[in-house]
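Peer 1: So that we are looking at the same thing, I have put the structure below in structure tokens.
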Amino acid sequence: MAVSAPVGIDELLERVRAGYTRVGAEEAYAASRAGALLVDIRYQALRERDGLIPGALVVERNELEWRLDPRGSHRAPEATGHDLQVVVICNEGYASSLAAASLHALGLHRATDLVGGFQAWKSAGLPTTP
């Protein structure tokens, strides 16, 4: 196995984001209303502090691949197939990019993430619950 040269996180983010089209808050909201699955990967303290997006599936980042793999034994009921449109949401839109790339590796070719994360959603005045 060949060892590749080290890469910094900024370059890695640029590389993975080049593999799919990211969405803004309004686009994510419209996608969810059209059947896309919003997946909130923020950790519990952030959800408690800032609230939730109604209808979003909450999945801790360390469980994401297991819960969204349509073939997985630990999949969430919402993980209906590889054609599912998924919008991953973290707090500010960084961890979600890596998560979306990981979902692509599992064959979820319509996975994307929210530019600016939950904070962008909230700033856009989109629905949240405490």
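Scheme for the structure tokens: letters A, B, ... for chains in order shown; per-chain residue numbers from 1; ligand numbers from 1 in order shown.
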Among chain A, which residues does DSSP mark as strand (DSSP E or B) when it is run on the backbone? Keep the chain and numbering as in the structure and answer as a list of chain:residue names.

Peer 2: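 Strand (DSSP E or B) members of chain A, listed: A:Val23, A:Leu37, A:Leu38, A:Val39, A:Asp40, A:Leu52, A:Leu57, A:Val58, A:Val86, A:Val87, A:Val88, A:Ile89, A:Ala111, A:Thr112, A:Asp113, A:Leu114, A:Thr129.
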
Peer 1: Quick one: pick out all helix (DSSP H, G or I) residues within range 26-82 of chain A from a backbone DSSP run and write them as a list in words.

Peer 2: Glu26, Glu27, Ala28, Tyr29, Ala30, Ala31, Ser32, Arg33, Gln44, Ala45, Leu46, Arg47, Glu48, Arg49, Asp50, Arg61, Asn62, Glu63, Leu64, Glu65, Trp66, Arg67 and Leu68 of chain A

Peer 1: Can you tell me, as number ranges by chain, what residues are no more than 6 Å from range 56-72 of chain A when counting only C-alpha atoms, ignoring any on the same chain fewer than 6 positions away?

Peer 2: A: 38-41, 79-81

Peer 1: Only N, CA, C and O atoms, please: the residues just picked out, written as a short mmCIF file (atom, residue, chain, number, x, y, z; two decimals), in the first residue's frame.

Peer 2:
```
data_model
loop_
_atom_site.label_atom_id
_atom_site.label_comp_id
_atom_site.auth_asym_id
_atom_site.auth_seq_id
_atom_site.Cartn_x
_atom_site.Cartn_y
_atom_site.Cartn_z
N LEU A 38 -32.62 15.50 6.67
CA LEU A 38 -31.66 16.34 7.38
C LEU A 38 -31.10 15.52 8.52
O LEU A 38 -31.86 14.90 9.27
N VAL A 39 -29.77 15.51 8.66
CA VAL A 39 -29.13 14.73 9.71
C VAL A 39 -28.25 15.66 10.54
O VAL A 39 -27.27 16.22 10.05
N ASP A 40 -28.62 15.83 11.79
CA ASP A 40 -27.93 16.71 12.73
C ASP A 40 -26.87 15.89 13.48
O ASP A 40 -27.22 15.00 14.25
N ILE A 41 -25.59 16.20 13.23
CA ILE A 41 -24.51 15.45 13.88
C ILE A 41 -23.86 16.23 15.02
O ILE A 41 -22.83 15.82 15.54
N ALA A 79 -32.89 5.33 6.77
CA ALA A 79 -31.85 4.98 5.79
C ALA A 79 -32.42 3.97 4.80
O ALA A 79 -32.16 2.78 4.87
N THR A 80 -33.23 4.49 3.88
CA THR A 80 -34.03 3.64 3.01
C THR A 80 -33.32 3.15 1.75
O THR A 80 -33.79 2.23 1.11
N GLY A 81 -32.21 3.78 1.38
CA GLY A 81 -31.52 3.35 0.17
C GLY A 81 -30.38 4.29 -0.18
O GLY A 81 -30.27 5.37 0.38
#
```

Peer 1: Check the smallest atom-to-atom distance from each of A:Glu78, A:Glu48, A:Asp83, A:Glu26 to Gly116 in chain A using only C-alpha atoms, then report the winner.

Peer 2: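 The closest residue to Gly116 in chain A is A:Glu26.
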
Peer 1: Near range 11-20 of chain A, counting only C-alpha atoms, which residues have an atom at most 7 Å away, once you skip same-chain residues fewer than 5 positions from it, shown as an MDAnalysis selection string?

Peer 2: chainID A and resid 97:98 101 112

Peer 1: Give me, please, the distance in Å between CA of His109 in chain A and CA of Tyr29 in chain A, quoted to one decimal.

Peer 2: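 Rounded to one decimal, the two atoms are 19.4 Å apart.
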
Peer 1: Tell me, as a list of chain:residue names, which residues lie within 12 Å of Leu46 in chain A, counting only C-alpha atoms; anything in the same chain fewer than 2 positions away does not count.

Peer 2: A:Asp40, A:Ile41, A:Arg42, A:Tyr43, A:Gln44, A:Glu48, A:Arg49, A:Asp50, A:Gly51, A:Leu52, A:Val58, A:Glu60, A:Cys90, A:Asn91, A:Glu92, A:Gly117, A:Phe118, A:Gln119, A:Pro130

Peer 1: Write a file of the selected residues as a CSV table (one decimal), in the first residue's frame, keeping C-alpha atoms.

Peer 2:
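Ended up saving to again-v2.csv:
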```
chain,number,residue,atom,x,y,z
A,40,ASP,CA,-27.9,16.7,12.7
A,41,ILE,CA,-24.5,15.5,13.9
A,42,ARG,CA,-23.9,18.1,16.5
A,43,TYR,CA,-23.0,16.9,19.9
A,44,GLN,CA,-25.5,17.0,22.7
A,48,GLU,CA,-29.2,21.6,24.2
A,49,ARG,CA,-27.7,25.1,23.9
A,50,ASP,CA,-29.1,26.1,20.5
A,51,GLY,CA,-32.1,23.8,19.9
A,52,LEU,CA,-33.0,21.4,17.1
A,58,VAL,CA,-30.2,13.4,15.3
A,60,GLU,CA,-23.9,11.5,16.8
A,90,CYS,CA,-23.0,20.2,12.1
A,91,ASN,CA,-22.5,23.4,14.0
A,92,GLU,CA,-20.7,25.6,11.5
A,117,GLY,CA,-24.1,24.4,9.6
A,118,PHE,CA,-26.8,24.9,12.2
A,119,GLN,CA,-25.7,28.5,12.8
A,130,PRO,CA,-35.7,24.4,22.0
```

Peer 1: Quick one: everything within 9 Å of Ala111 in chain A, counting only C-alpha atoms, minus sequence neighbours fewer than 4 positions away in the same chain. Send it as a ChimeraX atom specification.

Peer 2: /A:20,83-88,100-101,103-104

Peer 1: Here is a test: counting only C-alpha atoms, which residue of A:Ala105, A:Thr128, A:Ala28, A:Pro77 is nearest to Ile89 in chain A?

Peer 2: A:Ala28

Peer 1: Just to confirm, what's the straight-line distance from CA of Lys122 in chain A to CA of Gly93 in chain A in Å (one decimal)?

Peer 2: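 Distance between the two atoms: 12.8 Å.
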